[in-house]
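Coordinates as given in start-v1.tsv (TSV, C-alpha atoms):
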```tsv
chain	number	residue	atom	x	y	z
A	1	MET	CA	-180.33	-16.91	-80.44
A	2	SER	CA	-178.97	-20.43	-80.10
A	3	ALA	CA	-181.18	-23.42	-79.45
A	4	GLU	CA	-180.01	-23.87	-75.86
A	5	ASN	CA	-181.02	-20.30	-75.08
A	6	SER	CA	-184.59	-20.50	-76.31
A	7	PHE	CA	-187.67	-22.55	-75.60
A	8	GLU	CA	-189.94	-24.33	-77.98
A	9	TYR	CA	-193.56	-23.38	-77.66
A	10	GLY	CA	-196.36	-25.88	-77.70
A	11	LYS	CA	-199.79	-24.92	-79.02
A	12	PHE	CA	-200.12	-21.91	-81.31
A	13	LYS	CA	-203.74	-21.29	-82.28
A	14	ILE	CA	-204.72	-18.05	-84.00
A	15	LYS	CA	-207.84	-17.33	-86.00
A	16	LEU	CA	-208.52	-14.36	-88.24
A	17	LEU	CA	-212.16	-13.27	-88.30
A	18	LYS	CA	-213.18	-11.48	-91.48
A	19	SER	CA	-216.10	-9.08	-91.38
A	20	ASN	CA	-218.00	-8.72	-94.62
A	21	SER	CA	-221.69	-9.46	-94.79
A	22	GLU	CA	-220.98	-12.28	-92.38
A	23	ILE	CA	-218.09	-13.38	-90.17
A	24	THR	CA	-215.90	-16.15	-91.50
A	25	GLU	CA	-213.00	-17.78	-89.69
A	26	ILE	CA	-209.59	-18.18	-91.30
A	27	ASP	CA	-207.48	-20.59	-89.28
A	28	LEU	CA	-203.80	-19.69	-89.44
A	29	GLY	CA	-201.88	-22.86	-88.71
A	30	SER	CA	-198.51	-22.57	-86.99
A	31	ASN	CA	-196.79	-23.70	-90.20
A	32	SER	CA	-197.93	-20.55	-92.01
A	33	ILE	CA	-196.96	-18.13	-89.21
A	34	SER	CA	-193.39	-16.91	-89.53
A	35	SER	CA	-193.35	-14.71	-86.39
A	36	PHE	CA	-195.58	-13.28	-83.69
A	37	SER	CA	-194.66	-10.51	-81.22
A	38	PHE	CA	-196.69	-9.39	-78.21
A	39	TYR	CA	-196.07	-6.14	-76.30
A	40	GLU	CA	-197.08	-4.68	-72.91
A	41	ASN	CA	-195.80	-1.33	-71.63
A	42	VAL	CA	-196.68	0.79	-68.58
A	43	LYS	CA	-196.29	3.86	-70.79
A	44	SER	CA	-198.81	2.58	-73.33
A	45	PRO	CA	-202.59	2.64	-72.72
A	46	GLY	CA	-203.13	-0.39	-74.94
A	47	LEU	CA	-201.61	-3.71	-75.96
A	48	THR	CA	-199.94	-4.08	-79.35
A	49	ALA	CA	-198.78	-7.05	-81.38
A	50	ASN	CA	-197.28	-7.97	-84.74
A	51	LEU	CA	-198.20	-11.03	-86.80
A	52	LYS	CA	-196.40	-12.23	-89.93
A	53	PHE	CA	-197.71	-15.16	-91.93
A	54	MET	CA	-197.72	-16.52	-95.45
A	55	THR	CA	-200.43	-18.21	-97.50
A	56	THR	CA	-200.45	-20.04	-100.82
A	57	ASP	CA	-202.91	-18.57	-103.28
A	58	VAL	CA	-205.54	-21.15	-104.25
A	59	VAL	CA	-208.92	-20.84	-105.92
A	60	GLY	CA	-211.51	-19.79	-103.34
A	61	GLY	CA	-208.89	-19.42	-100.63
A	62	LYS	CA	-207.74	-15.87	-101.17
A	63	ILE	CA	-207.47	-13.65	-98.06
A	64	GLU	CA	-208.48	-10.02	-98.46
A	65	LEU	CA	-207.85	-7.67	-95.53
A	66	TYR	CA	-209.03	-4.08	-95.18
A	67	GLY	CA	-208.24	-3.29	-91.53
A	68	GLY	CA	-210.28	-3.75	-88.36
A	69	GLU	CA	-210.49	-7.56	-88.66
A	70	GLN	CA	-210.30	-9.46	-85.39
A	71	VAL	CA	-207.37	-11.75	-84.59
A	72	ILE	CA	-208.01	-14.16	-81.70
A	73	GLY	CA	-206.30	-17.20	-80.28
A	74	SER	CA	-203.79	-18.33	-77.69
A	75	VAL	CA	-200.16	-19.33	-77.45
A	76	LYS	CA	-198.88	-21.88	-74.95
A	77	VAL	CA	-195.29	-22.44	-73.89
A	78	THR	CA	-194.20	-25.98	-73.09
A	79	ASP	CA	-192.49	-25.15	-69.79
A	80	PHE	CA	-195.41	-23.03	-68.52
A	81	SER	CA	-198.28	-25.37	-69.32
A	82	GLU	CA	-200.70	-23.64	-66.92
A	83	ASP	CA	-200.31	-20.21	-68.54
A	84	GLU	CA	-200.96	-18.94	-72.00
A	85	ILE	CA	-200.73	-15.72	-73.97
A	86	LYS	CA	-204.22	-14.61	-74.88
A	87	VAL	CA	-204.54	-13.10	-78.35
A	88	ASN	CA	-207.45	-10.73	-78.95
A	89	PHE	CA	-206.60	-7.87	-81.28
A	90	ARG	CA	-207.83	-5.84	-84.21
A	91	VAL	CA	-205.86	-5.22	-87.39
A	92	ARG	CA	-204.56	-1.64	-87.31
A	93	SER	CA	-202.48	-1.73	-90.47
A	94	MET	CA	-201.06	-4.28	-92.89
A	95	GLN	CA	-198.42	-4.82	-95.52
A	96	VAL	CA	-199.15	-7.39	-98.23
A	97	LEU	CA	-196.49	-8.78	-100.56
A	98	LYS	CA	-197.39	-11.21	-103.38
A	99	ASP	CA	-194.80	-13.31	-105.15
A	100	SER	CA	-194.86	-16.60	-107.11
A	101	GLY	CA	-198.31	-17.74	-106.02
A	102	LYS	CA	-197.70	-16.88	-102.36
A	103	THR	CA	-198.87	-13.92	-100.28
A	104	ALA	CA	-196.99	-12.62	-97.24
A	105	PHE	CA	-198.88	-10.59	-94.63
A	106	ASN	CA	-197.39	-8.28	-91.99
A	107	LEU	CA	-200.15	-7.18	-89.59
A	108	GLU	CA	-199.86	-4.50	-86.91
A	109	LEU	CA	-202.41	-5.29	-84.19
A	110	VAL	CA	-203.97	-3.20	-81.42
A	111	SER	CA	-206.65	-3.64	-78.77
A	112	LEU	CA	-210.24	-2.86	-79.74
A	113	GLU	CA	-210.33	-0.14	-77.07
A	114	THR	CA	-207.50	1.66	-78.84
A	115	LEU	CA	-209.69	2.00	-81.93
A	116	LYS	CA	-212.75	2.96	-79.89
A	117	ASN	CA	-210.72	5.66	-78.15
A	118	GLU	CA	-210.50	7.56	-81.44
A	119	THR	CA	-214.30	7.82	-81.66
A	120	LYS	CA	-214.97	9.01	-78.10
A	121	ARG	CA	-214.89	12.60	-76.89
A	122	ILE	CA	-215.44	13.42	-73.22
A	123	SER	CA	-217.06	16.76	-72.32
A	124	ASN	CA	-218.51	15.95	-68.90
A	125	ARG	CA	-217.52	17.56	-65.64
A	126	PHE	CA	-215.83	15.27	-63.11
A	127	ASP	CA	-215.37	15.73	-59.35
A	128	GLY	CA	-213.99	13.62	-56.55
A	129	ASN	CA	-211.33	10.96	-56.25
A	130	ILE	CA	-209.21	10.68	-59.40
A	131	ALA	CA	-209.39	6.86	-59.47
A	132	THR	CA	-213.20	7.01	-59.42
A	133	THR	CA	-213.07	9.52	-62.27
A	134	VAL	CA	-210.87	7.15	-64.29
A	135	GLU	CA	-213.42	4.36	-63.81
A	136	LYS	CA	-216.25	6.62	-65.04
A	137	ILE	CA	-214.30	7.69	-68.14
A	138	PHE	CA	-213.30	4.08	-68.87
A	139	LYS	CA	-216.98	3.11	-69.07
A	140	SER	CA	-217.33	5.37	-72.11
A	141	LEU	CA	-215.19	2.86	-74.06
A	142	GLU	CA	-217.86	0.20	-73.50
A	143	SER	CA	-215.16	-2.37	-72.89
A	144	THR	CA	-215.78	-5.90	-71.64
A	145	LYS	CA	-212.35	-5.90	-69.98
A	146	ARG	CA	-211.93	-5.14	-66.31
A	147	ILE	CA	-210.03	-2.17	-64.90
A	148	GLU	CA	-208.10	-2.29	-61.63
A	149	THR	CA	-207.73	1.10	-59.94
A	150	GLU	CA	-206.08	2.42	-56.79
A	151	GLN	CA	-207.77	5.21	-54.90
A	152	THR	CA	-205.84	8.47	-54.65
A	153	SER	CA	-205.42	10.59	-51.55
A	154	ASN	CA	-206.46	13.73	-53.42
A	155	LYS	CA	-209.50	14.87	-55.36
A	156	TYR	CA	-209.61	16.84	-58.57
A	157	SER	CA	-212.33	18.64	-60.53
A	158	PHE	CA	-212.15	19.26	-64.25
A	159	ILE	CA	-214.11	19.34	-67.52
A	160	GLY	CA	-213.27	16.90	-70.31
A	161	ASN	CA	-213.09	19.59	-73.04
A	162	SER	CA	-213.85	17.03	-75.76
A	163	LYS	CA	-210.65	15.07	-75.16
A	164	ARG	CA	-210.29	11.36	-75.85
A	165	PRO	CA	-210.38	8.97	-72.85
A	166	PHE	CA	-206.73	7.91	-73.16
A	167	ASP	CA	-205.67	11.57	-73.35
A	168	LEU	CA	-207.53	12.30	-70.13
A	169	PHE	CA	-205.87	9.35	-68.38
A	170	THR	CA	-202.47	10.75	-69.37
A	171	PHE	CA	-203.59	14.18	-68.14
A	172	LEU	CA	-204.60	12.78	-64.74
A	173	MET	CA	-201.60	10.51	-64.06
A	174	PRO	CA	-199.14	13.18	-62.77
A	175	LYS	CA	-201.92	14.89	-60.78
A	176	ALA	CA	-202.76	11.76	-58.78
A	177	VAL	CA	-201.18	11.39	-55.33
A	178	SER	CA	-200.96	7.96	-53.74
A	179	SER	CA	-202.52	7.18	-50.40
A	180	GLY	CA	-200.88	5.49	-47.43
A	181	GLU	CA	-197.97	6.51	-45.26
A	182	LYS	CA	-195.54	7.33	-48.09
A	183	LYS	CA	-197.53	9.60	-50.37
A	184	SER	CA	-196.01	10.46	-53.70
A	185	ALA	CA	-197.15	11.94	-57.01
A	186	GLY	CA	-197.40	9.81	-60.13
A	187	TYR	CA	-199.63	7.03	-61.50
A	188	PHE	CA	-199.56	4.77	-64.56
A	189	PHE	CA	-202.45	3.77	-66.79
A	190	PHE	CA	-201.77	0.75	-69.01
A	191	GLU	CA	-203.17	-2.53	-70.32
A	192	THR	CA	-202.03	-6.10	-69.66
A	193	GLN	CA	-203.47	-9.45	-70.68
A	194	ASP	CA	-205.61	-9.32	-67.53
A	195	GLY	CA	-207.16	-5.93	-68.28
A	196	TYR	CA	-206.46	-2.26	-67.56
A	197	VAL	CA	-204.54	-0.86	-64.60
A	198	PHE	CA	-204.52	2.57	-62.95
A	199	LYS	CA	-202.10	2.41	-60.03
A	200	SER	CA	-199.53	4.58	-58.30
A	201	ILE	CA	-195.84	4.28	-59.00
A	202	ASN	CA	-195.31	3.60	-55.28
A	203	THR	CA	-197.67	0.62	-55.23
A	204	LEU	CA	-196.27	-0.91	-58.40
A	205	LEU	CA	-192.65	-0.60	-57.22
A	206	SER	CA	-193.45	-2.13	-53.82
A	207	GLY	CA	-195.32	-5.14	-55.23
A	208	ASP	CA	-194.51	-8.73	-54.32
A	209	VAL	CA	-191.69	-10.41	-56.23
A	210	GLN	CA	-193.22	-12.69	-58.86
A	211	GLU	CA	-190.09	-14.57	-59.93
A	212	ILE	CA	-186.35	-14.60	-59.21
A	213	TYR	CA	-184.09	-14.62	-62.28
A	214	THR	CA	-180.39	-15.46	-62.10
A	215	GLN	CA	-177.61	-14.83	-64.58
A	216	ASP	CA	-175.17	-17.69	-64.15
A	217	GLU	CA	-173.47	-18.90	-67.30
A	218	ALA	CA	-171.93	-21.93	-65.62
A	219	SER	CA	-175.21	-23.34	-64.31
A	220	ALA	CA	-177.00	-22.39	-67.55
A	221	ALA	CA	-174.54	-24.49	-69.54
A	222	ASN	CA	-175.06	-27.46	-67.24
A	223	ASN	CA	-178.82	-26.96	-67.04
A	224	PRO	CA	-180.09	-25.32	-70.23
A	225	ASN	CA	-183.68	-26.09	-69.23
A	226	ASN	CA	-183.58	-23.67	-66.29
A	227	LYS	CA	-186.53	-21.48	-67.20
A	228	PHE	CA	-185.67	-18.76	-64.66
A	229	ARG	CA	-182.26	-17.85	-66.03
A	230	ILE	CA	-181.17	-14.57	-67.56
A	231	LEU	CA	-179.85	-15.13	-71.06
A	232	THR	CA	-178.52	-11.62	-71.66
A	233	SER	CA	-178.50	-8.39	-69.66
A	234	TYR	CA	-177.24	-4.85	-70.00
A	235	VAL	CA	-177.88	-1.52	-68.30
A	236	GLU	CA	-179.02	1.38	-70.41
A	237	LYS	CA	-178.25	4.67	-68.69
A	238	ASN	CA	-179.75	7.73	-70.22
A	239	ASN	CA	-179.07	10.19	-67.44
A	240	ASP	CA	-177.86	13.45	-68.98
A	241	VAL	CA	-176.53	15.52	-66.08
A	242	LEU	CA	-176.83	18.80	-67.96
A	243	ASN	CA	-180.43	18.13	-68.97
A	244	SER	CA	-181.20	16.90	-65.45
A	245	LEU	CA	-179.86	20.15	-64.03
A	246	ARG	CA	-181.91	22.16	-66.49
A	247	LEU	CA	-184.98	20.18	-65.50
A	248	GLY	CA	-184.25	20.72	-61.81
A	249	MET	CA	-184.17	17.00	-61.07
A	250	TYR	CA	-181.58	17.26	-58.28
A	251	SER	CA	-182.86	20.46	-56.74
A	252	SER	CA	-185.45	23.01	-57.78
A	253	ASN	CA	-187.46	25.91	-56.44
A	254	THR	CA	-191.04	26.42	-57.58
A	255	PHE	CA	-193.20	29.49	-56.98
A	256	PHE	CA	-196.87	28.57	-57.08
A	257	TYR	CA	-199.50	31.25	-57.55
A	258	ASN	CA	-203.00	30.40	-56.36
A	259	MET	CA	-205.29	32.46	-58.55
A	260	TYR	CA	-208.29	31.77	-56.30
A	261	THR	CA	-206.75	32.98	-53.02
A	262	ASN	CA	-204.30	35.44	-54.63
A	263	GLU	CA	-201.46	33.88	-52.63
A	264	ALA	CA	-198.01	32.67	-53.63
A	265	LYS	CA	-196.01	29.83	-52.12
A	266	SER	CA	-192.42	28.73	-52.62
A	267	VAL	CA	-191.59	25.00	-52.61
A	268	ASP	CA	-188.04	23.63	-52.42
A	269	PHE	CA	-187.45	20.15	-53.85
A	270	LYS	CA	-184.31	18.10	-53.21
A	271	LEU	CA	-183.96	14.67	-54.74
A	272	LYS	CA	-181.78	13.20	-52.00
A	273	GLU	CA	-184.29	14.08	-49.30
A	274	LYS	CA	-187.11	12.39	-51.18
A	275	TYR	CA	-185.51	9.13	-52.29
A	276	ASN	CA	-182.61	8.24	-50.00
A	277	LYS	CA	-183.51	4.94	-48.35
A	278	SER	CA	-182.24	1.62	-47.01
A	279	ILE	CA	-182.81	-1.52	-49.03
A	280	ALA	CA	-182.00	-5.22	-48.78
A	281	THR	CA	-181.12	-7.58	-51.61
A	282	SER	CA	-181.23	-11.36	-51.38
A	283	ALA	CA	-177.61	-11.39	-50.24
A	284	LYS	CA	-176.71	-8.13	-48.45
A	285	LYS	CA	-178.08	-4.89	-47.07
A	286	PHE	CA	-177.29	-1.64	-48.83
A	287	THR	CA	-178.07	2.02	-48.56
A	288	GLU	CA	-179.02	3.96	-51.65
A	289	SER	CA	-177.63	7.33	-52.50
A	290	TYR	CA	-177.07	9.40	-55.61
A	291	PRO	CA	-173.76	10.09	-57.32
A	292	PRO	CA	-172.52	13.48	-56.06
A	293	LEU	CA	-171.83	16.13	-58.66
A	294	PRO	CA	-168.65	18.23	-58.73
A	295	GLY	CA	-168.66	20.83	-55.99
A	296	ASN	CA	-171.90	19.40	-54.59
A	297	ILE	CA	-173.84	21.50	-57.08
A	298	GLN	CA	-176.77	19.12	-56.62
A	299	GLU	CA	-177.39	20.94	-53.33
A	300	PHE	CA	-178.34	24.17	-55.11
A	301	PRO	CA	-181.50	24.80	-57.15
A	302	SER	CA	-180.74	24.51	-60.86
A	303	ARG	CA	-184.26	25.34	-62.02
A	304	TYR	CA	-186.77	27.94	-60.90
A	305	TYR	CA	-190.38	27.43	-61.88
A	306	VAL	CA	-193.22	29.92	-61.75
A	307	ARG	CA	-196.51	28.09	-62.05
A	308	SER	CA	-200.18	28.48	-61.33
A	309	LEU	CA	-201.32	26.07	-58.65
A	310	ASP	CA	-203.58	23.53	-60.33
A	311	VAL	CA	-206.50	23.04	-57.95
A	312	GLY	CA	-209.02	22.15	-60.65
A	313	ASN	CA	-212.33	23.82	-61.48
A	314	LEU	CA	-214.63	25.74	-59.19
A	315	ASP	CA	-217.49	23.75	-57.73
A	316	LYS	CA	-221.06	24.04	-59.01
A	317	THR	CA	-221.74	27.01	-56.73
A	318	GLY	CA	-218.85	28.97	-58.24
A	319	LYS	CA	-216.63	28.53	-55.20
A	320	LEU	CA	-213.41	26.58	-54.65
A	321	SER	CA	-214.18	23.29	-52.98
A	322	LYS	CA	-212.22	22.56	-49.83
A	323	ASP	CA	-211.93	18.92	-50.95
A	324	THR	CA	-209.65	19.89	-53.85
A	325	MET	CA	-207.43	22.11	-51.69
A	326	TYR	CA	-205.02	19.31	-50.85
A	327	PRO	CA	-202.74	20.59	-48.03
A	328	ASP	CA	-199.48	19.47	-49.68
A	329	LEU	CA	-200.60	20.03	-53.27
A	330	PRO	CA	-197.72	22.41	-54.17
A	331	LYS	CA	-195.15	19.90	-52.90
A	332	TYR	CA	-196.55	17.04	-54.97
A	333	GLN	CA	-196.95	19.12	-58.10
A	334	ALA	CA	-193.29	20.13	-57.80
A	335	GLU	CA	-192.29	16.47	-57.33
A	336	ALA	CA	-194.32	15.27	-60.32
A	337	VAL	CA	-192.10	17.33	-62.65
A	338	VAL	CA	-189.15	14.98	-62.12
A	339	ARG	CA	-190.75	11.70	-60.97
A	340	TYR	CA	-191.23	10.03	-64.35
A	341	ASN	CA	-187.86	11.24	-65.63
A	342	LEU	CA	-186.15	9.71	-62.61
A	343	LEU	CA	-187.79	6.32	-63.12
A	344	PHE	CA	-186.33	5.85	-66.60
A	345	SER	CA	-182.89	7.33	-65.95
A	346	GLN	CA	-181.49	3.81	-65.52
A	347	VAL	CA	-183.03	0.82	-67.29
A	348	LEU	CA	-181.97	-2.82	-67.02
A	349	LYS	CA	-182.80	-4.84	-70.14
A	350	ILE	CA	-182.75	-8.63	-69.95
A	351	THR	CA	-183.72	-11.56	-72.16
A	352	ILE	CA	-185.20	-14.67	-70.57
A	353	PRO	CA	-186.87	-17.89	-71.76
A	354	CYS	CA	-190.47	-17.07	-72.66
A	355	ASN	CA	-192.64	-16.71	-69.56
A	356	PRO	CA	-196.32	-16.02	-70.40
A	357	SER	CA	-197.22	-15.48	-66.73
A	358	LEU	CA	-195.34	-12.17	-66.47
A	359	ARG	CA	-197.13	-8.84	-66.78
A	360	ALA	CA	-196.08	-5.23	-67.14
A	361	GLY	CA	-196.16	-3.54	-63.73
A	362	GLN	CA	-195.08	-6.68	-61.85
A	363	VAL	CA	-191.90	-6.89	-59.75
A	364	ILE	CA	-189.15	-9.46	-60.25
A	365	GLU	CA	-185.78	-9.93	-58.59
A	366	CYS	CA	-182.62	-10.13	-60.68
A	367	ARG	CA	-179.40	-11.69	-59.44
A	368	ILE	CA	-176.54	-10.52	-61.60
A	369	PRO	CA	-172.85	-11.04	-60.69
A	370	GLU	CA	-170.34	-8.37	-61.74
A	371	THR	CA	-167.28	-10.59	-62.17
A	372	ALA	CA	-166.46	-14.19	-63.03
A	373	SER	CA	-165.39	-14.86	-59.42
A	374	GLN	CA	-168.72	-13.57	-58.12
A	375	MET	CA	-170.49	-15.84	-60.58
A	376	LYS	CA	-168.42	-18.81	-59.38
A	377	ASP	CA	-169.16	-18.00	-55.72
A	378	LYS	CA	-172.79	-17.21	-56.51
A	379	ASN	CA	-172.34	-13.74	-55.08
A	380	TYR	CA	-175.15	-11.65	-56.50
A	381	GLY	CA	-174.68	-8.50	-54.42
A	382	SER	CA	-173.84	-6.30	-57.41
A	383	GLN	CA	-175.26	-2.86	-58.06
A	384	ASN	CA	-177.39	-4.27	-60.86
A	385	SER	CA	-178.97	-6.96	-58.66
A	386	GLY	CA	-182.17	-6.38	-56.77
A	387	ARG	CA	-185.87	-5.69	-57.23
A	388	TYR	CA	-187.12	-4.27	-60.51
A	389	MET	CA	-190.49	-3.38	-61.92
A	390	ILE	CA	-191.32	-4.58	-65.43
A	391	SER	CA	-191.92	-1.41	-67.42
A	392	ALA	CA	-192.19	-3.22	-70.76
A	393	LEU	CA	-192.22	-6.81	-71.99
A	394	HIS	CA	-192.02	-8.38	-75.41
A	395	HIS	CA	-192.92	-12.02	-76.09
A	396	ALA	CA	-191.33	-13.07	-79.37
A	397	PHE	CA	-192.12	-16.24	-81.36
A	398	ALA	CA	-190.24	-17.22	-84.50
A	399	GLY	CA	-189.73	-20.61	-86.06
A	400	LYS	CA	-190.07	-23.07	-83.20
A	401	THR	CA	-188.46	-20.95	-80.51
A	402	CYS	CA	-189.59	-18.15	-78.22
A	403	TYR	CA	-188.19	-15.77	-75.63
A	404	THR	CA	-189.22	-12.77	-73.54
A	405	SER	CA	-187.44	-9.42	-73.47
A	406	LEU	CA	-187.96	-7.27	-70.37
A	407	GLU	CA	-187.30	-3.60	-69.74
A	408	LEU	CA	-186.86	-3.14	-65.98
A	409	ILE	CA	-186.84	0.02	-63.88
A	410	ARG	CA	-186.55	1.02	-60.25
A	411	ASP	CA	-186.99	4.23	-58.36
A	412	SER	CA	-183.47	5.54	-58.72
A	413	TYR	CA	-180.19	5.33	-60.57
A	414	GLU	CA	-178.63	4.65	-57.21
A	415	ILE	CA	-175.14	3.75	-56.12
A	416	LYS	CA	-175.05	1.26	-53.26
A	417	THR	CA	-172.78	0.94	-50.27
A	418	GLN	CA	-172.89	-2.06	-47.99
A	419	VAL	CA	-174.25	-1.55	-44.50
A	420	ALA	CA	-171.80	-2.64	-41.83
```
Would you put the structure from the file into C-alpha cells?
Amino acid sequence: MSAENSFEYGKFKIKLLKSNSEITEIDLGSNSISSFSFYENVKSPGLTANLKFMTTDVVGGKIELYGGEQVIGSVKVTDFSEDEIKVNFRVRSMQVLKDSGKTAFNLELVSLETLKNETKRISNRFDGNIATTVEKIFKSLESTKRIETEQTSNKYSFIGNSKRPFDLFTFLMPKAVSSGEKKSAGYFFFETQDGYVFKSINTLLSGDVQEIYTQDEASAANNPNNKFRILTSYVEKNNDVLNSLRLGMYSSNTFFYNMYTNEAKSVDFKLKEKYNKSIATSAKKFTESYPPLPGNIQEFPSRYYVRSLDVGNLDKTGKLSKDTMYPDLPKYQAEAVVRYNLLFSQVLKITIPCNPSLRAGQVIECRIPETASQMKDKNYGSQNSGRYMISALHHAFAGKTCYTSLELIRDSYEIKTQVA
C-alpha cells in the first residue's frame, strides 16, 4: 500500500505482563514491534489479535513466554486523536524464532473470556426471555466487561446440558425472534472494544449511519488526507444457485410436528415475500428485488423439511408453558434456516484509512460509482452504493502506516431499479 493511501499512527503503547511468582512488565516499544493486527467479527464471540515483535538478547533481558500472559496497551491514530484502539488480550499461542542474537515473536492473542469459556460448563435450567437468559449465562464468565442485550419477543426454556457459554449463545441465536413491528428470526452474539453484544439482525441492520465513505480517485489524488475515502473495494458474491435451491432459500415448505400436542403444521416460506422492500440511497430511490431464475423456478418449493417444533422444555410442573408457545413459532423457525445464509450471499469488502472509532455491528454508508463518468459527476447511485453493516473489521499496523479492512453485508443480494 503506497504512502498516500495509508495513515501514520501516533502513539503505540503495549506492555506484556509476565506471570511467574510475581507480575513484571515488559514494555514493547514501537521500534521493536513489526506488526499488530486487531480483529472484530459478528460471527466470533471474542476479539482476536496478532502481535509480531523482535528483541535483542541481552544478559538479564531475556523474554520467556509460556502462554496466558497478558498484553495490554493502546494505539492512537493521528487523524482520530479522540479515539484509540484498546489492547487487552491474553497470549493464546506463540511462535519464537531465534537468530544471530535476536528473537522474533509471533503471538496469537484472544480475550480472557475466550479462555475462561473453556473452563465453564452450564447445566442449569433457564426459562423466560432469551436475552435475559444470555445475561445470566454471561455472568458465569465472571467478566468485568459489559454486555448489551436486546429483549426478544419470544421465550424459551432449556437445560444447559454441560455446554460452554459461547456454545449456548450460538445455540440460542437462531431461536431468538426480534421484537417490534417487523419481527424476524436471528440474533448475533459478538465482542467489540466496548464489550459484548447480543442483538437482532434487524436492529443491527437498521442502525444509524456512523460514517459516509466515498470512493473517488480524482478527489483522493487531490486530497490524500481525506480520512473518509475508500481506498479499494470489491464485491464478493458467493451465492450458489444450486446450493441455494437445495437449501430452500428461495422457497421452501416445512412440516412441523408438535410432539406435545400431537399436531402437524405446514409452513410455506418465500424469500421475495419476506424481503422485498423500498429503499433510498443518498442520491436516488430504488426498489429491491431478487434476480429471477429461469422459468421462475424460485416460485416453487425446492426443499421440503420435516422437523419437530422446538418449543423448549416442559415447565416445572411437567406441562408445556403457554409462554413458550409463540403463535408464529413455526414461521420463524422456517425463516431462520435461510436468514444467516442470505446475509452473507453478497459481501462488499473495502479498505479505508485506519479508523479506530468503528465497531463490528455498526452501519456505514458507501458511495461507489460504477463508471469513470459517474465518478466525474459524483453520481453514486450504483448497485454497490448504500447502507451496509460491518460484519468484520481488521485494523492493521505495520511499519509506520495503518489501515482498516471492512467486510460489509446487507440484508439481500438485491438488484435495484430506480423508482420513477
One decimal place gives the CA of Arg90 (chain A)-CA of Thr114 (chain A) separation as 9.2 Å
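Here the question is which of A:Thr48, A:Asn313, A:Ser357, A:Ser111 gets nearest to Val77 (chain A) using all atoms listed in the file, and that residue is A:Ser357.
Interatomic distance, CA of Tyr250 (chain A) against CA of Arg410 (chain A): 17.1 Å.
For the point (-191.6, -10.8, -59.7), the residues with an atom at a distance of at most 9 Å are Gly207, Asp208, Val209, Gln210, Glu211, Ile212, Tyr213, Leu358, Gln362, Val363, Ile364, Glu365, Arg387, Tyr388, Met389 and Ile390 of chain A, counting only C-alpha atoms.
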Next, the residues of the selection above should be written as a compact mmCIF listing (two decimals), in the frame of the given file with C-alpha atoms.
```
# COMPACT_ATOMS: atom_id res chain seq x y z
CA GLY A 207 -195.32 -5.14 -55.23
CA ASP A 208 -194.51 -8.73 -54.32
CA VAL A 209 -191.69 -10.41 -56.23
CA GLN A 210 -193.22 -12.69 -58.86
CA GLU A 211 -190.09 -14.57 -59.93
CA ILE A 212 -186.35 -14.60 -59.21
CA TYR A 213 -184.09 -14.62 -62.28
CA LEU A 358 -195.34 -12.17 -66.47
CA GLN A 362 -195.08 -6.68 -61.85
CA VAL A 363 -191.90 -6.89 -59.75
CA ILE A 364 -189.15 -9.46 -60.25
CA GLU A 365 -185.78 -9.93 -58.59
CA ARG A 387 -185.87 -5.69 -57.23
CA TYR A 388 -187.12 -4.27 -60.51
CA MET A 389 -190.49 -3.38 -61.92
CA ILE A 390 -191.32 -4.58 -65.43
```
Could you jot down the CA of Ile297 (chain A) to CA of Leu309 (chain A) separation for me, Å, one decimal place?
27.9 Å
Need the neighbours of (-214.3, -1.8, -64.1): which residues are at most 10 Å away, counting all atoms listed in the file, as a ChimeraX atom specification?
/A:134-136,138-139,143-149,195-197
Please provide as a list in words all residues within 9 Å of Thr203 (chain A), with the sequence filter that same-chain residues fewer than 3 positions apart are discarded (counting all atoms listed in the file).
Glu150, Ser178, Lys199, Ser200, Ser206 and Gly207 of chain A
Please, can region 183-193 of chain A be completed to N, CA and C atoms and returned as a PDB file, keeping the file's coordinate frame?
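Written output follows (out10.pdb):
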```
ATOM      1  N   LYS A 183    -196.823   9.013 -49.221  1.00  0.00           N
ATOM      2  CA  LYS A 183    -197.530   9.600 -50.370  1.00  0.00           C
ATOM      3  C   LYS A 183    -196.532  10.124 -51.381  1.00  0.00           C
ATOM      4  N   SER A 184    -196.887   9.976 -52.639  1.00  0.00           N
ATOM      5  CA  SER A 184    -196.010  10.460 -53.700  1.00  0.00           C
ATOM      6  C   SER A 184    -196.842  10.678 -54.952  1.00  0.00           C
ATOM      7  N   ALA A 185    -196.426  11.640 -55.773  1.00  0.00           N
ATOM      8  CA  ALA A 185    -197.150  11.940 -57.010  1.00  0.00           C
ATOM      9  C   ALA A 185    -196.759  10.942 -58.095  1.00  0.00           C
ATOM     10  N   GLY A 186    -197.708  10.628 -58.965  1.00  0.00           N
ATOM     11  CA  GLY A 186    -197.400   9.810 -60.130  1.00  0.00           C
ATOM     12  C   GLY A 186    -198.141   8.491 -60.169  1.00  0.00           C
ATOM     13  N   TYR A 187    -198.919   8.281 -61.238  1.00  0.00           N
ATOM     14  CA  TYR A 187    -199.630   7.030 -61.500  1.00  0.00           C
ATOM     15  C   TYR A 187    -199.310   6.577 -62.925  1.00  0.00           C
ATOM     16  N   PHE A 188    -199.614   5.307 -63.202  1.00  0.00           N
ATOM     17  CA  PHE A 188    -199.560   4.770 -64.560  1.00  0.00           C
ATOM     18  C   PHE A 188    -200.929   4.236 -64.949  1.00  0.00           C
ATOM     19  N   PHE A 189    -201.272   4.421 -66.225  1.00  0.00           N
ATOM     20  CA  PHE A 189    -202.450   3.770 -66.790  1.00  0.00           C
ATOM     21  C   PHE A 189    -201.974   2.937 -67.970  1.00  0.00           C
ATOM     22  N   PHE A 190    -202.250   1.623 -67.946  1.00  0.00           N
ATOM     23  CA  PHE A 190    -201.770   0.750 -69.010  1.00  0.00           C
ATOM     24  C   PHE A 190    -202.634  -0.504 -69.075  1.00  0.00           C
ATOM     25  N   GLU A 191    -202.407  -1.303 -70.117  1.00  0.00           N
ATOM     26  CA  GLU A 191    -203.170  -2.530 -70.320  1.00  0.00           C
ATOM     27  C   GLU A 191    -202.245  -3.735 -70.265  1.00  0.00           C
ATOM     28  N   THR A 192    -202.709  -4.810 -69.639  1.00  0.00           N
ATOM     29  CA  THR A 192    -202.030  -6.100 -69.660  1.00  0.00           C
ATOM     30  C   THR A 192    -203.020  -7.143 -70.193  1.00  0.00           C
ATOM     31  N   GLN A 193    -202.569  -8.375 -70.254  1.00  0.00           N
ATOM     32  CA  GLN A 193    -203.470  -9.450 -70.680  1.00  0.00           C
ATOM     33  C   GLN A 193    -204.678  -9.585 -69.774  1.00  0.00           C
TER      34      GLN A 193
END
```
